[in-house]
$ cat input.txt   # compact mmCIF, C-alpha atoms
# COMPACT_ATOMS: atom_id res chain seq x y z
CA MET O 1 -10.58 -85.58 45.82
CA SER O 2 -7.17 -85.30 44.21
CA ALA O 3 -4.34 -87.48 45.49
CA SER O 4 -1.65 -85.92 47.66
CA TYR O 5 1.98 -86.86 47.01
CA VAL O 6 4.83 -85.68 49.21
CA ILE O 7 8.47 -86.12 48.17
CA ILE O 8 11.30 -85.56 50.64
CA GLY O 9 14.44 -84.69 48.68
CA ASP O 10 14.94 -82.68 45.50
CA GLY O 11 17.88 -84.56 44.04
CA ILE O 12 17.53 -86.28 40.68
CA ALA O 13 15.43 -89.09 42.23
CA GLY O 14 12.95 -86.80 43.95
CA SER O 15 12.72 -84.30 41.11
CA THR O 16 12.22 -87.03 38.49
CA ALA O 17 9.48 -88.57 40.62
CA ALA O 18 7.69 -85.23 40.84
CA GLU O 19 7.91 -84.79 37.07
CA THR O 20 6.57 -88.29 36.40
CA LEU O 21 3.70 -87.81 38.85
CA ARG O 22 2.65 -84.59 37.16
CA GLU O 23 2.90 -86.11 33.69
CA HIS O 24 0.37 -88.79 34.67
CA ASP O 25 -1.89 -86.85 37.03
CA ASP O 26 -2.91 -83.29 36.22
CA GLU O 27 -4.91 -82.87 39.43
CA ALA O 28 -2.59 -84.33 42.07
CA ASP O 29 -1.22 -82.21 44.89
CA ILE O 30 2.59 -82.60 44.71
CA THR O 31 4.91 -81.23 47.38
CA VAL O 32 8.70 -81.48 47.24
CA ILE O 33 10.61 -80.75 50.45
CA THR O 34 14.35 -80.14 50.53
CA ASP O 35 16.73 -78.89 53.19
CA GLU O 36 18.92 -77.33 50.50
CA GLY O 37 18.55 -73.70 49.49
CA GLU O 38 18.38 -74.20 45.73
CA PRO O 39 16.46 -76.38 43.26
CA LEU O 40 17.82 -79.40 41.42
CA TYR O 41 21.35 -79.15 40.03
CA ASN O 42 23.70 -81.56 38.31
CA ARG O 43 25.76 -83.40 40.92
CA ILE O 44 28.00 -84.75 38.17
CA LEU O 45 29.03 -81.26 37.06
CA ILE O 46 29.74 -79.75 40.47
CA LYS O 47 33.22 -81.28 40.36
CA GLU O 48 33.91 -79.42 37.10
CA PHE O 49 32.70 -76.22 38.74
CA ALA O 50 34.95 -76.89 41.76
CA LYS O 51 37.90 -77.42 39.38
CA GLY O 52 37.26 -73.96 37.95
CA LYS O 53 36.35 -75.40 34.56
CA MET O 54 32.84 -73.92 34.33
CA PRO O 55 30.67 -71.20 35.89
CA GLU O 56 27.67 -71.91 38.11
CA GLY O 57 25.05 -71.49 35.39
CA PRO O 58 25.41 -74.82 33.54
CA VAL O 59 25.36 -76.76 36.82
CA SER O 60 21.77 -75.75 37.61
CA ILE O 61 19.02 -77.87 36.06
CA HIS O 62 15.79 -76.40 37.42
CA ASP O 63 14.85 -72.97 38.67
CA ASP O 64 11.85 -71.96 40.77
CA SER O 65 9.72 -71.45 37.66
CA TRP O 66 10.12 -75.11 36.63
CA TYR O 67 8.15 -76.14 39.71
CA SER O 68 5.56 -73.37 39.55
CA GLU O 69 4.85 -74.08 35.88
CA ARG O 70 4.03 -77.68 36.86
CA ASP O 71 2.08 -76.67 39.94
CA ILE O 72 4.59 -78.42 42.20
CA ASP O 73 4.98 -76.94 45.67
CA LEU O 74 8.75 -76.72 46.30
CA GLN O 75 9.66 -76.05 49.93
CA MET O 76 13.38 -75.26 50.23
CA ASN O 77 15.45 -74.82 53.40
CA THR O 78 12.98 -77.13 55.10
CA HIS O 79 14.08 -80.02 57.30
CA VAL O 80 11.73 -82.95 57.90
CA THR O 81 11.97 -83.97 61.55
CA GLN O 82 9.52 -86.87 61.61
CA VAL O 83 7.31 -89.07 59.48
CA ASP O 84 4.13 -90.42 61.07
CA ASP O 85 3.20 -93.30 58.79
CA ASP O 86 0.05 -94.17 60.79
CA ALA O 87 -1.38 -90.67 60.45
CA HIS O 88 0.15 -90.18 56.97
CA GLU O 89 1.83 -86.96 58.07
CA VAL O 90 5.21 -85.29 57.65
CA HIS O 91 6.44 -82.88 60.33
CA THR O 92 9.00 -80.14 59.62
CA HIS O 93 11.41 -78.10 61.72
CA THR O 94 9.13 -75.08 61.38
CA GLY O 95 6.31 -76.91 63.14
CA ASP O 96 4.30 -77.48 59.96
CA THR O 97 2.40 -80.72 59.37
CA ILE O 98 1.93 -81.91 55.78
CA GLU O 99 -0.52 -84.73 55.05
CA TYR O 100 0.08 -87.25 52.30
CA ASP O 101 -1.62 -90.12 50.51
CA LYS O 102 1.70 -91.38 49.17
CA LEU O 103 5.17 -90.46 50.43
CA LEU O 104 8.52 -90.79 48.68
CA VAL O 105 11.72 -90.56 50.72
CA ALA O 106 14.70 -89.57 48.55
CA THR O 107 16.89 -87.90 51.15
CA GLY O 108 20.25 -89.36 50.17
CA GLY O 109 23.05 -89.07 52.69
CA THR O 110 25.34 -86.77 54.62
CA PRO O 111 29.14 -87.07 54.32
CA THR O 112 30.78 -89.02 57.11
CA GLN O 113 33.31 -87.18 59.24
CA LEU O 114 36.59 -88.81 60.17
CA PRO O 115 36.47 -89.77 63.87
CA VAL O 116 39.67 -87.89 64.72
CA PRO O 117 40.49 -84.67 66.59
CA GLY O 118 39.98 -81.55 64.50
CA THR O 119 37.62 -83.19 62.01
CA ASP O 120 35.13 -80.31 62.29
CA ALA O 121 37.76 -77.59 61.90
CA GLU O 122 37.31 -74.75 59.46
CA GLY O 123 39.05 -75.67 56.23
CA VAL O 124 38.06 -79.35 56.38
CA HIS O 125 35.67 -79.81 53.47
CA HIS O 126 33.26 -82.57 52.48
CA PHE O 127 32.07 -82.93 48.90
CA TRP O 128 28.37 -83.64 48.31
CA THR O 129 26.27 -80.55 47.57
CA PHE O 130 26.60 -77.56 45.27
CA GLU O 131 27.22 -75.42 48.34
CA ASP O 132 30.04 -77.79 49.30
CA ALA O 133 31.53 -77.30 45.83
CA ARG O 134 31.49 -73.53 46.25
CA GLY O 135 33.35 -73.79 49.54
CA ILE O 136 35.85 -76.25 48.08
CA ARG O 137 36.57 -74.06 45.06
CA GLU O 138 37.10 -71.01 47.24
CA GLY O 139 39.24 -72.93 49.73
CA VAL O 140 41.47 -74.70 47.26
CA GLU O 141 42.04 -71.54 45.18
CA ALA O 142 43.63 -69.96 48.24
CA ALA O 143 45.52 -73.06 49.41
CA ASP O 144 49.25 -73.67 49.31
CA ASN O 145 49.03 -77.05 51.04
CA ALA O 146 46.20 -79.53 50.54
CA VAL O 147 45.46 -82.96 51.96
CA ILE O 148 42.87 -85.32 50.47
CA VAL O 149 41.46 -88.26 52.43
CA GLY O 150 39.29 -91.10 51.11
CA ALA O 151 40.49 -93.57 48.48
CA GLY O 152 37.25 -93.77 46.53
CA LEU O 153 35.32 -92.15 43.70
CA LEU O 154 34.68 -88.86 45.51
CA GLY O 155 38.18 -88.74 46.94
CA ILE O 156 39.76 -88.84 43.51
CA ASP O 157 37.48 -85.94 42.48
CA LEU O 158 38.90 -83.90 45.35
CA ALA O 159 42.45 -84.85 44.35
CA ALA O 160 41.76 -83.77 40.76
CA ILE O 161 40.32 -80.47 42.00
CA ALA O 162 43.51 -79.77 43.96
CA GLY O 163 45.55 -80.68 40.88
CA ALA O 164 43.45 -78.46 38.63
CA HIS O 165 44.18 -75.46 40.85
CA ASP O 166 47.92 -76.20 40.87
CA VAL O 167 48.13 -76.42 44.66
CA GLU O 168 51.82 -76.28 45.48
CA ASN O 169 51.73 -79.24 47.88
CA ALA O 170 48.81 -81.61 47.35
CA ARG O 171 48.89 -84.96 49.13
CA TYR O 172 46.41 -87.81 48.87
CA ILE O 173 46.46 -89.96 52.02
CA MET O 174 45.19 -93.55 51.68
CA ARG O 175 45.00 -96.35 54.21
CA GLY O 176 45.78 -99.14 51.74
CA ASN O 177 48.48 -99.64 49.13
CA ARG O 178 46.34 -98.34 46.26
CA TRP O 179 43.38 -96.22 45.26
CA TRP O 180 39.95 -97.95 45.36
CA ARG O 181 41.52 -101.21 46.48
CA TYR O 182 38.21 -103.10 46.58
CA ALA O 183 37.68 -102.67 42.83
CA LEU O 184 41.20 -102.40 41.36
CA SER O 185 44.27 -104.57 41.54
CA LEU O 186 47.61 -102.86 42.01
CA GLU O 187 48.24 -103.08 38.26
CA GLY O 188 45.04 -101.21 37.43
CA ALA O 189 45.45 -98.75 40.29
CA GLU O 190 48.93 -97.78 39.13
CA ILE O 191 47.42 -96.31 35.97
CA MET O 192 45.33 -94.03 38.17
CA HIS O 193 48.28 -93.31 40.47
CA ASP O 194 50.44 -92.15 37.57
CA ALA O 195 47.63 -89.92 36.31
CA MET O 196 47.25 -88.29 39.72
CA ARG O 197 50.99 -87.74 39.98
CA ASP O 198 50.88 -86.08 36.56
CA LEU O 199 48.40 -83.60 38.07
CA GLY O 200 50.90 -82.81 40.80
CA VAL O 201 49.27 -84.88 43.53
CA GLU O 202 51.61 -86.82 45.82
CA LEU O 203 50.28 -90.18 47.05
CA VAL O 204 50.78 -91.17 50.69
CA LEU O 205 49.95 -94.87 50.76
CA GLU O 206 49.43 -97.33 53.64
CA SER O 207 48.75 -94.48 56.00
CA GLY O 208 45.66 -92.70 57.35
CA VAL O 209 44.75 -89.66 59.41
CA GLU O 210 45.24 -89.49 63.16
CA GLU O 211 44.56 -85.80 63.74
CA PHE O 212 43.90 -82.45 62.12
CA VAL O 213 45.88 -79.72 63.85
CA THR O 214 44.18 -76.34 64.08
CA ASP O 215 45.46 -72.82 64.71
CA GLU O 216 44.16 -70.51 67.42
CA ASP O 217 41.29 -69.43 65.14
CA GLY O 218 40.08 -73.02 64.66
CA HIS O 219 41.30 -73.35 61.07
CA VAL O 220 43.12 -76.50 60.00
CA GLU O 221 46.84 -76.00 59.58
CA ALA O 222 48.29 -79.51 59.46
CA THR O 223 47.40 -83.18 59.16
CA ILE O 224 49.11 -85.87 61.26
CA ASP O 225 49.02 -89.23 59.53
CA ALA O 226 49.04 -92.76 60.93
CA ASN O 227 52.83 -92.89 60.70
CA GLY O 228 53.21 -89.73 62.78
CA ASP O 229 54.23 -87.60 59.81
CA ARG O 230 53.00 -84.00 59.69
CA TYR O 231 51.69 -82.47 56.47
CA GLU O 232 50.98 -78.76 56.36
CA SER O 233 47.41 -78.35 55.13
CA ASP O 234 45.42 -75.16 54.93
CA PHE O 235 42.86 -77.12 52.86
CA VAL O 236 41.57 -80.63 53.58
CA GLY O 237 39.12 -82.56 51.41
CA SER O 238 37.56 -85.59 53.10
CA ALA O 239 35.41 -88.23 51.36
CA ILE O 240 35.15 -91.41 53.42
CA GLY O 241 31.50 -92.31 52.83
CA LEU O 242 27.93 -91.33 53.60
CA ASN O 243 25.64 -91.51 56.59
CA PHE O 244 22.18 -92.13 55.16
CA ASN O 245 19.47 -89.74 56.29
CA THR O 246 17.02 -92.17 57.87
CA GLU O 247 16.48 -90.47 61.26
CA LEU O 248 13.13 -89.04 60.16
CA LEU O 249 11.77 -92.60 59.83
CA GLN O 250 12.38 -93.65 63.43
CA GLY O 251 9.22 -95.13 64.90
CA THR O 252 7.73 -96.00 61.51
CA ALA O 253 7.20 -99.41 59.92
CA VAL O 254 9.90 -98.62 57.33
CA GLU O 255 12.88 -100.97 57.52
CA ALA O 256 15.82 -98.58 57.71
CA ASP O 257 19.30 -98.96 59.16
CA SER O 258 22.84 -97.69 58.65
CA ASP O 259 22.83 -99.17 55.14
CA GLY O 260 19.78 -97.15 54.09
CA ILE O 261 16.08 -97.75 53.45
CA HIS O 262 15.10 -101.26 52.37
CA THR O 263 12.58 -101.60 49.53
CA ASP O 264 11.26 -104.21 47.15
CA SER O 265 12.20 -104.17 43.47
CA CYS O 266 9.54 -101.50 42.76
CA MET O 267 10.69 -99.05 45.47
CA ARG O 268 8.01 -99.91 48.06
CA THR O 269 9.03 -99.93 51.73
CA ASP O 270 7.47 -102.06 54.46
CA ALA O 271 5.25 -99.14 55.49
CA GLU O 272 1.99 -98.67 53.65
CA ASP O 273 2.10 -95.79 51.16
CA VAL O 274 5.79 -95.04 51.83
CA TYR O 275 8.35 -95.43 49.03
CA ALA O 276 12.05 -94.65 48.63
CA ALA O 277 14.47 -93.91 45.79
CA GLY O 278 18.05 -92.83 45.13
CA ASP O 279 21.33 -93.33 46.96
CA ILE O 280 19.55 -94.19 50.18
CA VAL O 281 17.79 -97.28 48.81
CA VAL O 282 18.75 -100.90 49.45
CA PHE O 283 16.49 -102.67 46.97
CA GLU O 284 15.73 -106.20 45.87
CA ASP O 285 17.74 -106.44 42.67
CA PRO O 286 16.19 -109.05 40.35
CA ILE O 287 19.35 -109.15 38.25
CA VAL O 288 21.61 -110.51 41.00
CA GLY O 289 18.80 -112.04 43.07
CA ARG O 290 19.51 -110.28 46.36
CA GLU O 291 19.47 -106.93 48.07
CA ALA O 292 21.76 -104.37 46.45
CA GLN O 293 22.52 -100.68 46.38
CA ASN O 294 23.88 -98.38 43.70
CA GLY O 295 24.35 -94.67 44.00
CA SER O 296 24.87 -93.42 40.46
CA TRP O 297 23.04 -90.46 38.93
CA GLY O 298 21.43 -92.62 36.25
CA SER O 299 20.24 -95.19 38.76
CA ALA O 300 18.71 -92.53 41.02
CA LYS O 301 16.87 -90.99 38.05
CA GLU O 302 15.41 -94.34 37.00
CA GLN O 303 14.44 -95.19 40.57
CA GLY O 304 12.66 -91.85 40.94
CA ASP O 305 10.65 -92.52 37.81
CA LEU O 306 9.82 -96.08 38.89
CA ALA O 307 8.86 -94.99 42.41
CA ALA O 308 6.42 -92.44 40.94
CA ARG O 309 4.91 -95.02 38.63
CA THR O 310 4.54 -97.47 41.50
CA MET O 311 2.82 -94.84 43.65
CA LEU O 312 0.45 -94.00 40.81
CA ALA O 313 -0.34 -97.66 40.15
CA ASP O 314 -0.95 -98.29 43.85
CA ALA O 315 -3.29 -95.29 43.85
CA GLY O 316 -5.35 -96.93 41.11
CA GLU O 317 -3.96 -95.07 38.10
CA ALA O 318 -3.52 -96.96 34.83
CA VAL O 319 0.27 -96.71 34.78
CA GLU O 320 2.69 -99.43 33.77
CA THR O 321 5.30 -100.43 36.33
CA GLU O 322 7.96 -103.10 36.48
CA GLU O 323 10.86 -104.32 38.58
CA PHE O 324 13.95 -102.15 38.74
CA ARG O 325 16.48 -103.69 36.36
CA TRP O 326 19.36 -101.31 35.94
CA VAL O 327 23.13 -101.64 35.62
CA SER O 328 24.62 -98.51 37.09
CA SER O 329 27.83 -96.87 35.90
CA TYR O 330 30.17 -94.14 37.10
CA SER O 331 32.72 -92.33 34.96
CA ILE O 332 35.82 -90.29 35.79
CA THR O 333 36.89 -87.66 33.28
CA HIS O 334 39.81 -85.95 35.00
CA PHE O 335 42.58 -87.54 32.95
CA ASP O 336 43.77 -88.02 29.37
CA PHE O 337 42.06 -91.42 29.31
CA PRO O 338 38.49 -92.41 30.28
CA PHE O 339 37.52 -94.47 33.33
CA LEU O 340 34.24 -96.29 33.89
CA SER O 341 32.97 -98.60 36.61
CA PHE O 342 29.73 -100.50 36.13
CA GLY O 343 27.49 -102.81 38.10
CA TYR O 344 28.94 -103.99 41.41
CA PRO O 345 32.72 -103.90 40.82
CA THR O 346 33.65 -104.16 44.52
CA GLU O 347 31.69 -107.37 45.10
CA GLY O 348 31.77 -110.97 43.91
CA ASP O 349 33.62 -114.22 44.55
CA ASP O 350 35.67 -114.39 41.34
CA GLU O 351 37.43 -111.96 39.02
CA ALA O 352 39.46 -111.57 35.86
CA GLU O 353 41.61 -108.75 34.53
CA ARG O 354 43.96 -107.81 31.73
CA LYS O 355 46.18 -104.87 30.84
CA TYR O 356 46.33 -103.97 27.15
CA ASP O 357 48.70 -101.02 27.18
CA GLU O 358 49.96 -98.35 29.56
CA THR O 359 46.56 -96.73 30.02
CA THR O 360 44.16 -99.51 28.96
CA TRP O 361 43.01 -102.08 31.51
CA ARG O 362 39.93 -104.15 32.26
CA ARG O 363 38.70 -105.97 35.36
CA LEU O 364 35.52 -108.05 35.66
CA ALA O 365 33.78 -109.23 38.84
CA PHE O 366 31.69 -112.42 39.03
CA GLU O 367 29.32 -113.91 41.58
CA ASP O 368 28.07 -117.49 41.38
CA GLY O 369 29.27 -117.59 37.78
CA GLN O 370 27.39 -114.44 36.78
CA LEU O 371 29.08 -111.23 35.66
CA ILE O 372 28.01 -108.54 38.15
CA GLY O 373 30.36 -105.61 37.52
CA GLY O 374 33.69 -104.33 36.40
CA VAL O 375 36.06 -101.47 35.67
CA LEU O 376 37.22 -100.20 32.28
CA ILE O 377 40.21 -97.91 31.94
CA GLY O 378 41.22 -96.40 28.62
CA ASP O 379 38.69 -98.18 26.39
CA MET O 380 34.93 -97.90 26.98
CA ALA O 381 33.81 -99.67 23.78
CA ALA O 382 32.69 -102.88 25.50
CA GLN O 383 30.56 -101.31 28.22
CA SER O 384 27.19 -101.93 26.53
CA LYS O 385 28.13 -105.57 25.96
CA PHE O 386 29.08 -106.08 29.58
CA LYS O 387 25.91 -104.40 30.83
CA ALA O 388 23.82 -106.62 28.56
CA ILE O 389 25.58 -109.71 29.88
CA ILE O 390 24.88 -108.62 33.45
CA LYS O 391 21.20 -108.03 32.66
CA SER O 392 20.94 -111.45 31.02
CA GLY O 393 22.00 -113.19 34.24
CA ALA O 394 23.97 -115.67 32.14
CA ASP O 395 26.64 -117.92 33.63
CA VAL O 396 29.80 -116.68 31.91
CA ALA O 397 32.59 -116.99 34.49
CA ASP O 398 33.98 -120.00 32.64
CA GLN O 399 34.43 -117.86 29.50
CA LYS O 400 36.85 -115.26 30.87
CA ASP O 401 39.15 -115.73 27.88
CA VAL O 402 36.42 -114.42 25.59
CA LEU O 403 35.39 -111.57 27.90
CA LEU O 404 38.97 -110.36 28.17
CA GLN O 405 39.52 -110.16 24.43
CA GLU O 406 40.02 -106.49 23.66
CA ASN O 407 37.33 -106.44 20.95
CA PHE O 408 35.25 -109.45 21.93
CA ASP O 409 31.91 -110.31 20.33
CA VAL O 410 29.01 -111.53 22.48
CA ALA O 411 28.26 -114.00 19.68
CA ASP O 412 31.43 -115.84 20.71
CA LEU O 413 29.90 -116.64 24.11
CA ASP O 414 28.09 -119.90 24.70
CA VAL O 415 25.00 -117.99 25.88
CA ASP O 416 22.38 -115.81 24.23
CA VAL O 417 22.75 -112.12 25.06
CA GLU O 418 20.65 -109.38 23.50
CA ILE O 419 22.33 -105.98 23.13
CA ASP O 420 20.02 -102.97 23.48
CA ALA O 421 19.89 -100.86 20.35
$ encode --input "input.txt" --output "structure tokens"
Amino acid sequence: MSASYVIIGDGIAGSTAAETLREHDDEADITVITDEGEPLYNRILIKEFAKGKMPEGPVSIHDDSWYSERDIDLQMNTHVTQVDDDAHEVHTHTGDTIEYDKLLVATGGTPTQLPVPGTDAEGVHHFWTFEDARGIREGVEAADNAVIVGAGLLGIDLAAIAGAHDVENARYIMRGNRWWRYALSLEGAEIMHDAMRDLGVELVLESGVEEFVTDEDGHVEATIDANGDRYESDFVGSAIGLNFNTELLQGTAVEADSDGIHTDSCMRTDAEDVYAAGDIVVFEDPIVGREAQNGSWGSAKEQGDLAARTMLADAGEAVETEEFRWVSSYSITHFDFPFLSFGYPTEGDDEAERKYDETTWRRLAFEDGQLIGGVLIGDMAAQSKFKAIIKSGADVADQKDVLLQENFDVADLDVDVEIDA
């Protein structure tokens, strides 16, 4: 009998896993289940679509024929209500039961709503799916007054979208005194602040949202901030985090909580024949020697491939597998200068930073002497060196002077680091 693989989620992790499974097993039954109404698309490009910089076409990656040509059963608009890991069954909202030999959960998350009055009003948008991007583009094109909430990587995308559409009054409300305060000092953040102001976005710092005021039709019309100030807002973009979609695993042996699904370094969960990949995964990271999580596109793709290989190997196939060793990165391309974060820039017990000119800045994060992440603004040339140092696990915190040299050479470090070709 052929093996039966079920994948919940058709993001880059789930889709990559399906592709890897088919590449190694011509006879396997492969089913991909997604609650979205369209096949895989590029989550990186949906912000460019929302800015009005590109049409829908280039955002799509796969169409229905991609799955049919590979004999992959794609079930869209289908919500998984329960996983029965004892019976090896998946139950859907339509009442269907799908049996599996191996199951991959790659369900990602759902945007968190602000716990304030009016948070579910019409005109309050969250940015995660392609359908979200369509609604955001339509809403912001018609907006005279916009408010953005969430001082992180998705929040700045929303701010840039408002700026790209020349919204007359666009305000970015943040609780702290700077954008992404857990990864940037005030000096580094000011570079980003100036760039947002150049796009016409006004920053409202050390504030927050207390309420969204709605009109008689239930559409947002104003935002009341933590200082009691009122900002007219016919468009609101909110990006304050994700709730991970783990409800379907209640009652199973899978260790899952508000942080996500916990796996080993090869994407296995605690439940037999159940695996996980993508944003939702809290995995044993052999590089830093503890549990970790990274939600970048590249990381999710690699995890999907590894999860598939692990499932195949556990099913007795002659497939090579190895621990997940990956340094994630996330880039921002809204401004005249590049921005890149890598590794775990918001963590660590030590740090170092330097500003080189008005739009060039570097910050590095260390933990127990090891480089674990950082942020580069203006100059990306050293990123491969820093990623190699992270992968090496070398103790380099005592060599900050070398690491902060604008054009440093890894040969100048007192450790051996191999740079990937």
$ residues_around --input "input.txt" --residues "region 415-417 of chain O" --least-positions-apart "3" --cutoff "10 Å" --atoms "only C-alpha atoms" --output "number ranges by chain"
O: 385-386, 388-396, 410-412, 420
$ write_last_selection --input "input.txt" --atoms "C-alpha atoms" --output "compact mmCIF listing (two decimals), in the coordinates of the input"
# COMPACT_ATOMS: atom_id res chain seq x y z
CA LYS O 385 28.13 -105.57 25.96
CA PHE O 386 29.08 -106.08 29.58
CA ALA O 388 23.82 -106.62 28.56
CA ILE O 389 25.58 -109.71 29.88
CA ILE O 390 24.88 -108.62 33.45
CA LYS O 391 21.20 -108.03 32.66
CA SER O 392 20.94 -111.45 31.02
CA GLY O 393 22.00 -113.19 34.24
CA ALA O 394 23.97 -115.67 32.14
CA ASP O 395 26.64 -117.92 33.63
CA VAL O 396 29.80 -116.68 31.91
CA VAL O 410 29.01 -111.53 22.48
CA ALA O 411 28.26 -114.00 19.68
CA ASP O 412 31.43 -115.84 20.71
CA ASP O 420 20.02 -102.97 23.48
$ residues_near_point --input "input.txt" --point "(-3.1, -85.0, 61.1)" --cutoff "7 Å" --atoms "all atoms listed in the file" --output "list in words"
Ala87, Glu89 and Glu99 of chain O
$ atom_distance --input "input.txt" --atom1 "CA of Glu367 (chain O)" --atom2 "CA of Gly176 (chain O)"
24.3 Å
$ residues_near_point --input "input.txt" --point "(53.4, -88.5, 46.3)" --cutoff "12 Å" --atoms "all atoms listed in the file" --output "PyMOL selection string"
chain O and resi 147-148+159+169-174+193-205+231
$ closest_residue --input "input.txt" --among "O:Val213, O:Val220, O:Ala50, O:Ala277" --to "Asp10 (chain O)" --atoms "all atoms listed in the file"
O:Ala277
$ closest_residue --input "input.txt" --among "O:Gly37, O:Gly289, O:Gly241, O:Gly278" --to "Ala307 (chain O)" --atoms "all atoms listed in the file"
O:Gly278
$ closest_residue --input "input.txt" --among "O:Tyr275, O:Phe337, O:Phe235, O:Trp326" --to "Asn294 (chain O)" --atoms "only C-alpha atoms"
O:Trp326
$ residues_around --input "input.txt" --residues "Leu312 (chain O)" --least-positions-apart "4" --cutoff "10 Å" --atoms "only C-alpha atoms" --output "PyMOL selection string"
chain O and resi 3+5+20-21+24-25+102+306-308+316-321
$ write_last_selection --input "input.txt" --atoms "C-alpha atoms" --output "PDB file, in the frame of the given file"
ATOM      1  CA  ALA O   3      -4.340 -87.480  45.490  1.00  0.00           C
ATOM      2  CA  TYR O   5       1.980 -86.860  47.010  1.00  0.00           C
ATOM      3  CA  THR O  20       6.570 -88.290  36.400  1.00  0.00           C
ATOM      4  CA  LEU O  21       3.700 -87.810  38.850  1.00  0.00           C
ATOM      5  CA  HIS O  24       0.370 -88.790  34.670  1.00  0.00           C
ATOM      6  CA  ASP O  25      -1.890 -86.850  37.030  1.00  0.00           C
ATOM      7  CA  LYS O 102       1.700 -91.380  49.170  1.00  0.00           C
ATOM      8  CA  LEU O 306       9.820 -96.080  38.890  1.00  0.00           C
ATOM      9  CA  ALA O 307       8.860 -94.990  42.410  1.00  0.00           C
ATOM     10  CA  ALA O 308       6.420 -92.440  40.940  1.00  0.00           C
ATOM     11  CA  GLY O 316      -5.350 -96.930  41.110  1.00  0.00           C
ATOM     12  CA  GLU O 317      -3.960 -95.070  38.100  1.00  0.00           C
ATOM     13  CA  ALA O 318      -3.520 -96.960  34.830  1.00  0.00           C
ATOM     14  CA  VAL O 319       0.270 -96.710  34.780  1.00  0.00           C
ATOM     15  CA  GLU O 320       2.690 -99.430  33.770  1.00  0.00           C
ATOM     16  CA  THR O 321       5.300-100.430  36.330  1.00  0.00           C
TER      17      THR O 321
END
$ atom_distance --input "input.txt" --atom1 "CA of Ala106 (chain O)" --atom2 "CA of Phe130 (chain O)"
17.2 Å
$ atom_distance --input "input.txt" --atom1 "CA of Glu216 (chain O)" --atom2 "CA of Glu122 (chain O)"
11.3 Å
$ residues_around --input "input.txt" --residues "Glu138 (chain O)" --least-positions-apart "2" --cutoff "12 Å" --atoms "only C-alpha atoms" --output "PyMOL selection string"
chain O and resi 49-52+123+125+131-136+140-143+161-162+165+235
$ closest_residue --input "input.txt" --among "O:Asp120, O:Glu221, O:Glu187, O:Glu48" --to "Ile332 (chain O)" --atoms "all atoms listed in the file"
O:Glu48
$ axis_aligned_box --input "input.txt" --around "region 279-288 of chain O" --padding-each-side "8 Å" --output "AutoDock Vina command-line options"
--center_x 18.7 --center_y -101.9 --center_z 44.2 --size_x 21.9 --size_y 33.2 --size_z 27.9
$ closest_residue --input "input.txt" --among "O:Gly118, O:Gly343, O:Gly95, O:Gly251" --to "Ser296 (chain O)" --atoms "all atoms listed in the file"
O:Gly343
$ closest_residue --input "input.txt" --among "O:Thr310, O:Lys400, O:Thr92, O:Glu302" --to "Asp414 (chain O)" --atoms "all atoms listed in the file"
O:Lys400
$ residues_around --input "input.txt" --residues "Phe408 (chain O)" --least-positions-apart "6" --cutoff "10 Å" --atoms "all atoms listed in the file" --output "MDAnalysis selection string"
chainID O and resid 382 385 401:402
$ residues_around --input "input.txt" --residues "Leu40 (chain O)" --least-positions-apart "4" --cutoff "9 Å" --atoms "all atoms listed in the file" --output "NGL selection string"
:O and (10-12 or 15 or 60-63)
